[in-house]
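*Asks:* My structure is below; once you've seen it, I'll send some questions.
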Amino acid sequence: NLNNNAKNDNAYEKTYNTDSNQDYKDYKDYEQLQAKDLGKVSASAPKIQTRDNILDIESKNLIIINKNDLQEKGYTNLEQALQHQPYITLTPAANGQSQIDIRGQGLDASKSLKTFINGVPINPNDTGYGASRNGFALNGTNPFNLVDINDIESIEVLPGGGSVLYGSGTRGGVVNIVTKKPSKDYARVSLEGIAYEAKNTLSGKASMGGGAKIKDKLFLSANASYAYKNGLRPNEYTKNAYASLQTYYQINQKHRLDFNANYSKSYQFFAGYNNKFSTGTQEKSISQMKAERYITPTQATSNGMVEQDLASASLKYIADFRESLQFSALAFYSFSDFLFPDIAGDPSSSGANITGTNSTHNTGLFAKIKHSTKTNKLFVGLDNNVEISQANSGSSDKRGGVRYSGSLYVLDSFMPSKFFSLTGGARGEVVHYDVNRTAVTAFGQNFSFITQTATQKDTKANYAFELTPAFHYGENGSIYAKGEVGFISPSVAQIVNAVSQSANTKELASANIKPEQYFTGEIGWRDDFRFSSFMMSAYYTHSFNEIRYIYQTAVRNFYNLGQTQRFGFEFVSKQKLFSEILTLQESINVNYSNVLKGRDNTANFNNNSTAASDASKEGKQIPYAPLTKISLLANLQAIKAGKHRLNVFYNNSYYGQSVDNNYAVMNKGGYVLGDIGLTYGYGGFSISTGVRNLYDSFYVAYQASSAGNAILGTQGTRTYLAGEGRNYYLMLKYEF
């Protein structure tokens, strides 16, 4: 997948030497697969362009969301583009934001699903506080939604696992965002507008970009955008500025360089949470909550500004020493900064000042050798990564430090016959921590404050391995079984705890946190028949030592759960009818996840019996992980003649219920979201218009409840954030 359309093939072939350029050959293979897979929800095994360049040994079911899917349906951001896609759900994050989730990770999605931009990891590597018993994770939000959708060529989704190739944090899977690469001279300008069914909600976005070829060897492109979006409630808004630069330099026939840089800055004013109870224990009706979607909560504070930065830069060197041997090295730097305010009305704050920041500098070098023959493909890689992070919760709890990780991995795919392949590999990792923490705690009736600091050095070793036999039949049919053991390394913030020695003393000490480990097993099948393709898989994931935190006396401390499990079923089918004029896609995701074994020992953690008993949640469902998602997508190419084109789409998804932090039900019975729209284009000009949340469905995007409110009707606090109601959009674009 070299991000070129077939119409650009001649220009591509003229620019590069096809005899020595393995990427071109992989592109040609990929193009042929595209013609067979009935539309990029792959019934074949397409290449996924990540830092491994070409994942052409992957036997699992994966999907590629191409630029036509992104541009022809009027999406204004990535969150909208992913909302109806197979495998993916969006879980709540900080102050109205969202996280990408796959296979029921819930609040742990930011640390257990790895996200890349052009092969550069952008997860907030110091995941801060992770999932908690009190509610929502006070950690840096995955900044995927800051990337301008107009600058994206494709999104590649690999569900469930990937530790051998991608290292820590892939229990849920891998998502790679591929930005547009310059392949021809171009320029683009676009204007967008959005309005909700409420006053003063008009929003807009301006975007422009361009690229040019210089002396046949050097390609340059740049993009910039600015978006302003009014929120549902008065005074709420989001502002986002984005810029990117890409260059590709062909040194000679065997050596080339690829440089990418992205920067985004976002400001969001968040008005706070509504209360689900009107008086006492009487919960509001759906109609009452629906009516207050556009009303600012009375408890909202003026300190509601959420700020987020994302910067990434990478330089990739590729050398084809001979047709069967390739070396690549990716040097990268990324910066993620997230500031969240103290928002009244969220019980997860426990009455404390939770204003905080989470920032991470991440730099590294990934080197890889690929050796290919007709029957065997071998990857050998060395990853080096240094992360410098700081996580603050108000003025009471500050953590910072350095995490260095070094990994060596080997992955081999052997295909002795056209009917059978066997893929296997292993990774070993050593992680060294150098951490400091400051905690300010209050003791006794007079609330005397004690400030303590501590430093901690620690070294941990992790391992991963996988084995995937696959049986191939017919032209594109394949049945596979995969077993994988993977891991999630602790973050800097999770290394030091504040341990109670008595009722009035506390000291900082090692948290003795173990790395999370998991086993995932999966069976899958894919095939296509004339105009139809399908993929299905069933999986089971068993995790050990999942990291949680607990709030006690103004500080947050960490512990390992015993065991959790996640299991489910996935099905994706696609049909192209009437000479590809009408395209239908159906998908079903069913996932159940729960805690099998709580924390075994609380005696050394603190002396608070309530906190200790709260640590065990055996049998409880993982919060914020929907049980079901069912989608139907339809796309009609109504006109495609000369320069004229008219595309009409309809997206419809059902989302099942889930539970919140204290296991109170969210969205009982589930809800349905439907989008409808059309895009008319003439040459380089296009206009898109449509309606999102067509049925004006009410749903809760986030909910948190106090411990006394776990059962409906009991006393306590339950706050929520409503999802977006019906809204309209109008988008104009011109590309030349």
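Each chain in the structure tokens gets a letter, A, B, ..., in the order shown, and its residues are numbered from 1; ligands are numbered from 1 in order too.
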If we count only C-alpha atoms, what is near region 416-429 of chain A at a cut-off of 7 Å, once residues fewer than 6 positions away on the same chain are taken out, given as number ranges by chain?
*Replies:* A: 164, 375, 405-410, 461-473
*Asks:* If you keep C-alpha atoms, can you produce a file of those selected residues as a compact mmCIF listing (two decimals), in the first residue's frame?
*Replies:*
# COMPACT_ATOMS: atom_id res chain seq x y z
CA VAL A 164 5.93 -9.58 18.38
CA THR A 375 8.49 -19.76 0.22
CA SER A 405 13.09 0.01 26.42
CA GLY A 406 15.15 -2.18 24.13
CA SER A 407 13.65 -5.05 22.16
CA LEU A 408 14.80 -7.73 19.74
CA TYR A 409 12.28 -9.65 17.68
CA VAL A 410 12.19 -12.32 14.98
CA ALA A 461 11.89 -8.00 31.40
CA ASN A 462 9.04 -8.91 29.07
CA TYR A 463 8.51 -11.43 26.32
CA ALA A 464 6.04 -12.21 23.55
CA PHE A 465 5.61 -14.97 21.02
CA GLU A 466 3.03 -16.03 18.45
CA LEU A 467 2.21 -18.97 16.18
CA THR A 468 -0.26 -18.83 13.28
CA PRO A 469 -0.90 -21.83 11.02
CA ALA A 470 -3.17 -21.12 8.05
CA PHE A 471 -4.84 -23.24 5.38
CA HIS A 472 -5.34 -21.56 1.98
CA TYR A 473 -7.81 -22.82 -0.58
*Asks:* So the first atom is CA of Gly211 (chain A) and the second is CA of Ala243 (chain A); what is the distance between them in Å, to one decimal place?
*Replies:*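 Distance between the two atoms: 13.6 Å.
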*Asks:* Give me the residues within 12 Å of Gln456 (chain A) as a PyMOL selection string, counting only C-alpha atoms and dropping any in the same chain fewer than 6 places off.
*Replies:* chain A and resi 399-403+432-438+492-497+508-512
*Asks:* Could you save those same residues with C-alpha atoms as a compact mmCIF listing (two decimals), in the first residue's frame?
*Replies:*
# COMPACT_ATOMS: atom_id res chain seq x y z
CA ARG A 399 5.18 11.84 38.90
CA GLY A 400 7.90 12.00 36.29
CA GLY A 401 10.81 10.08 34.93
CA VAL A 402 12.38 8.16 32.09
CA ARG A 403 11.53 4.78 30.64
CA HIS A 432 14.58 0.34 32.68
CA TYR A 433 12.81 2.98 34.81
CA ASP A 434 14.19 6.04 36.56
CA VAL A 435 11.21 7.63 38.32
CA ASN A 436 10.57 10.41 40.82
CA ARG A 437 7.34 11.19 42.67
CA THR A 438 6.14 13.93 45.00
CA VAL A 492 6.47 5.78 34.55
CA ALA A 493 3.57 6.94 36.71
CA GLN A 494 2.87 3.41 37.92
CA ILE A 495 6.23 2.61 39.52
CA VAL A 496 5.97 4.44 42.89
CA ASN A 497 3.10 4.30 45.43
CA LEU A 508 6.50 6.65 49.13
CA ALA A 509 7.67 3.21 48.10
CA SER A 510 7.94 0.94 45.11
CA ALA A 511 4.53 -0.11 43.82
CA ASN A 512 5.97 -3.54 42.93
*Asks:* Using CA of Lys111 (chain A) and CA of Gln99 (chain A) as the two end points, give the distance in Å to one decimal.
*Replies:*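 These atoms are spaced 10.3 Å apart.
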*Asks:* Extract, using only C-alpha atoms, all DNA, RNA and protein residues at most 8 Å from Ala311 (chain A), discarding same-chain residues fewer than 5 positions from it, and format them as an NGL selection string.
*Replies:* :A and (261-264 or 334-336)
*Asks:* Please produce a file of those selected residues containing N, CA, C and O atoms, as a CSV table (one decimal), in the first residue's frame.
*Replies:*
chain,number,residue,atom,x,y,z
A,261,ALA,N,6.2,14.9,9.1
A,261,ALA,CA,6.1,15.7,10.3
A,261,ALA,C,4.7,16.1,10.4
A,261,ALA,O,4.1,16.5,9.4
A,262,ASN,N,4.2,16.1,11.6
A,262,ASN,CA,2.8,16.6,11.9
A,262,ASN,C,2.8,17.3,13.2
A,262,ASN,O,3.5,17.0,14.2
A,263,TYR,N,1.9,18.4,13.3
A,263,TYR,CA,1.7,19.1,14.5
A,263,TYR,C,0.2,19.5,14.6
A,263,TYR,O,-0.4,19.9,13.6
A,264,SER,N,-0.3,19.4,15.8
A,264,SER,CA,-1.7,19.8,16.1
A,264,SER,C,-1.8,20.4,17.5
A,264,SER,O,-1.1,19.9,18.4
A,334,SER,N,8.2,12.0,19.0
A,334,SER,CA,6.8,12.5,19.1
A,334,SER,C,6.6,13.1,20.5
A,334,SER,O,7.3,12.8,21.5
A,335,PHE,N,5.7,14.0,20.6
A,335,PHE,CA,5.4,14.8,21.8
A,335,PHE,C,3.9,14.8,22.0
A,335,PHE,O,3.1,15.2,21.0
A,336,SER,N,3.4,14.5,23.1
A,336,SER,CA,2.0,14.5,23.4
A,336,SER,C,1.8,15.2,24.8
A,336,SER,O,2.5,14.9,25.8
*Asks:* Residues near region 621-630 of chain A, anyone? I mean within 7 Å using only C-alpha atoms, not counting same-chain ones fewer than 2 positions away, as a list in words.
*Replies:*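 Returned residues: Thr91, Gly104, Gln105, Gly106, Leu107, Ser587, Ile588, Asn589, Val590, Asn591, Tyr592, Ser593, Asn594, Val595, Gly619, Ser653, Tyr654, Tyr655, Gly656, Gln657, Ser658, Val659, Asp660, Asn661 and Tyr663 of chain A.
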*Asks:* Go through A:Ala271, A:Leu165, A:Ile122, A:Ile488 and flag the residue nearest Leu382 (chain A), using only C-alpha atoms for the distances.
*Replies:*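 Smallest separation from Leu382 (chain A) among the options: A:Leu165.
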*Asks:* Excluding Gln97 (chain A) and residues on its chain fewer than 2 positions from it, collect all residues at most 12 Å away from it, counting only C-alpha atoms, and give them as a ChimeraX atom specification.
*Replies:* /A:79,90-95,99-100,136-146,238,266-270,306-308,338,340,701-702,721,723
*Asks:* Just to be explicit: take each residue in the selection above, keep C-alpha atoms, and write the result as a CSV table (one decimal), in the first residue's frame.
*Replies:*
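The file below, out10.csv, is the result:
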chain,number,residue,atom,x,y,z
A,79,GLU,CA,-14.0,9.9,15.2
A,90,LEU,CA,-15.3,4.6,20.8
A,91,THR,CA,-15.0,4.6,24.6
A,92,PRO,CA,-15.2,7.7,26.8
A,93,ALA,CA,-12.1,9.6,27.7
A,94,ALA,CA,-11.2,12.9,29.3
A,95,ASN,CA,-13.9,15.6,29.4
A,99,GLN,CA,-10.6,6.7,22.7
A,100,ILE,CA,-10.4,4.0,20.0
A,136,PHE,CA,-12.7,7.8,34.3
A,137,ALA,CA,-9.1,7.5,33.6
A,138,LEU,CA,-7.2,10.7,34.3
A,139,ASN,CA,-4.6,10.1,31.7
A,140,GLY,CA,-3.5,11.6,28.4
A,141,THR,CA,-6.0,10.9,25.7
A,142,ASN,CA,-4.9,9.2,22.5
A,143,PRO,CA,-4.6,12.2,20.2
A,144,PHE,CA,-5.8,10.4,17.0
A,145,ASN,CA,-8.7,12.9,16.5
A,146,LEU,CA,-6.3,15.8,16.1
A,238,THR,CA,-13.3,23.1,20.3
A,266,SER,CA,-6.4,21.8,20.3
A,267,TYR,CA,-8.4,23.9,22.8
A,268,GLN,CA,-11.6,22.6,24.1
A,269,PHE,CA,-13.9,24.3,26.6
A,270,PHE,CA,-15.9,21.6,28.4
A,306,VAL,CA,-8.8,21.2,28.0
A,307,GLU,CA,-5.6,21.6,26.0
A,308,GLN,CA,-3.9,19.0,23.9
A,338,PHE,CA,-2.7,16.9,27.7
A,340,PHE,CA,-7.4,18.6,31.9
A,701,ALA,CA,-21.5,9.2,25.9
A,702,TYR,CA,-20.0,9.0,29.4
A,721,LEU,CA,-22.5,13.5,29.4
A,723,GLY,CA,-24.0,12.3,23.1
*Asks:* Step one, run DSSP on the backbone; step two, keep only residues of region 242-401 of chain A assigned to alpha helix (DSSP H); then write them as a PDB file with C-alpha atoms, in the first residue's frame.
*Replies:*
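Output below, filename result34.pdb:
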ATOM      1  CA  ILE A 286     -34.971   9.925  28.687  1.00  0.00           C
ATOM      2  CA  SER A 287     -37.091  12.868  27.497  1.00  0.00           C
ATOM      3  CA  GLN A 288     -35.802  15.035  30.374  1.00  0.00           C
ATOM      4  CA  MET A 289     -32.181  14.178  29.665  1.00  0.00           C
ATOM      5  CA  LYS A 290     -32.730  14.649  25.947  1.00  0.00           C
ATOM      6  CA  ALA A 291     -34.089  18.139  26.555  1.00  0.00           C
TER       7      ALA A 291
END
*Asks:* Find the residues near Phe685 (chain A): any atom within 7 Å, counting only C-alpha atoms, skip ones fewer than 4 places away on the same chain, and give them as an MDAnalysis selection string.
*Replies:* chainID A and resid 681 733:735
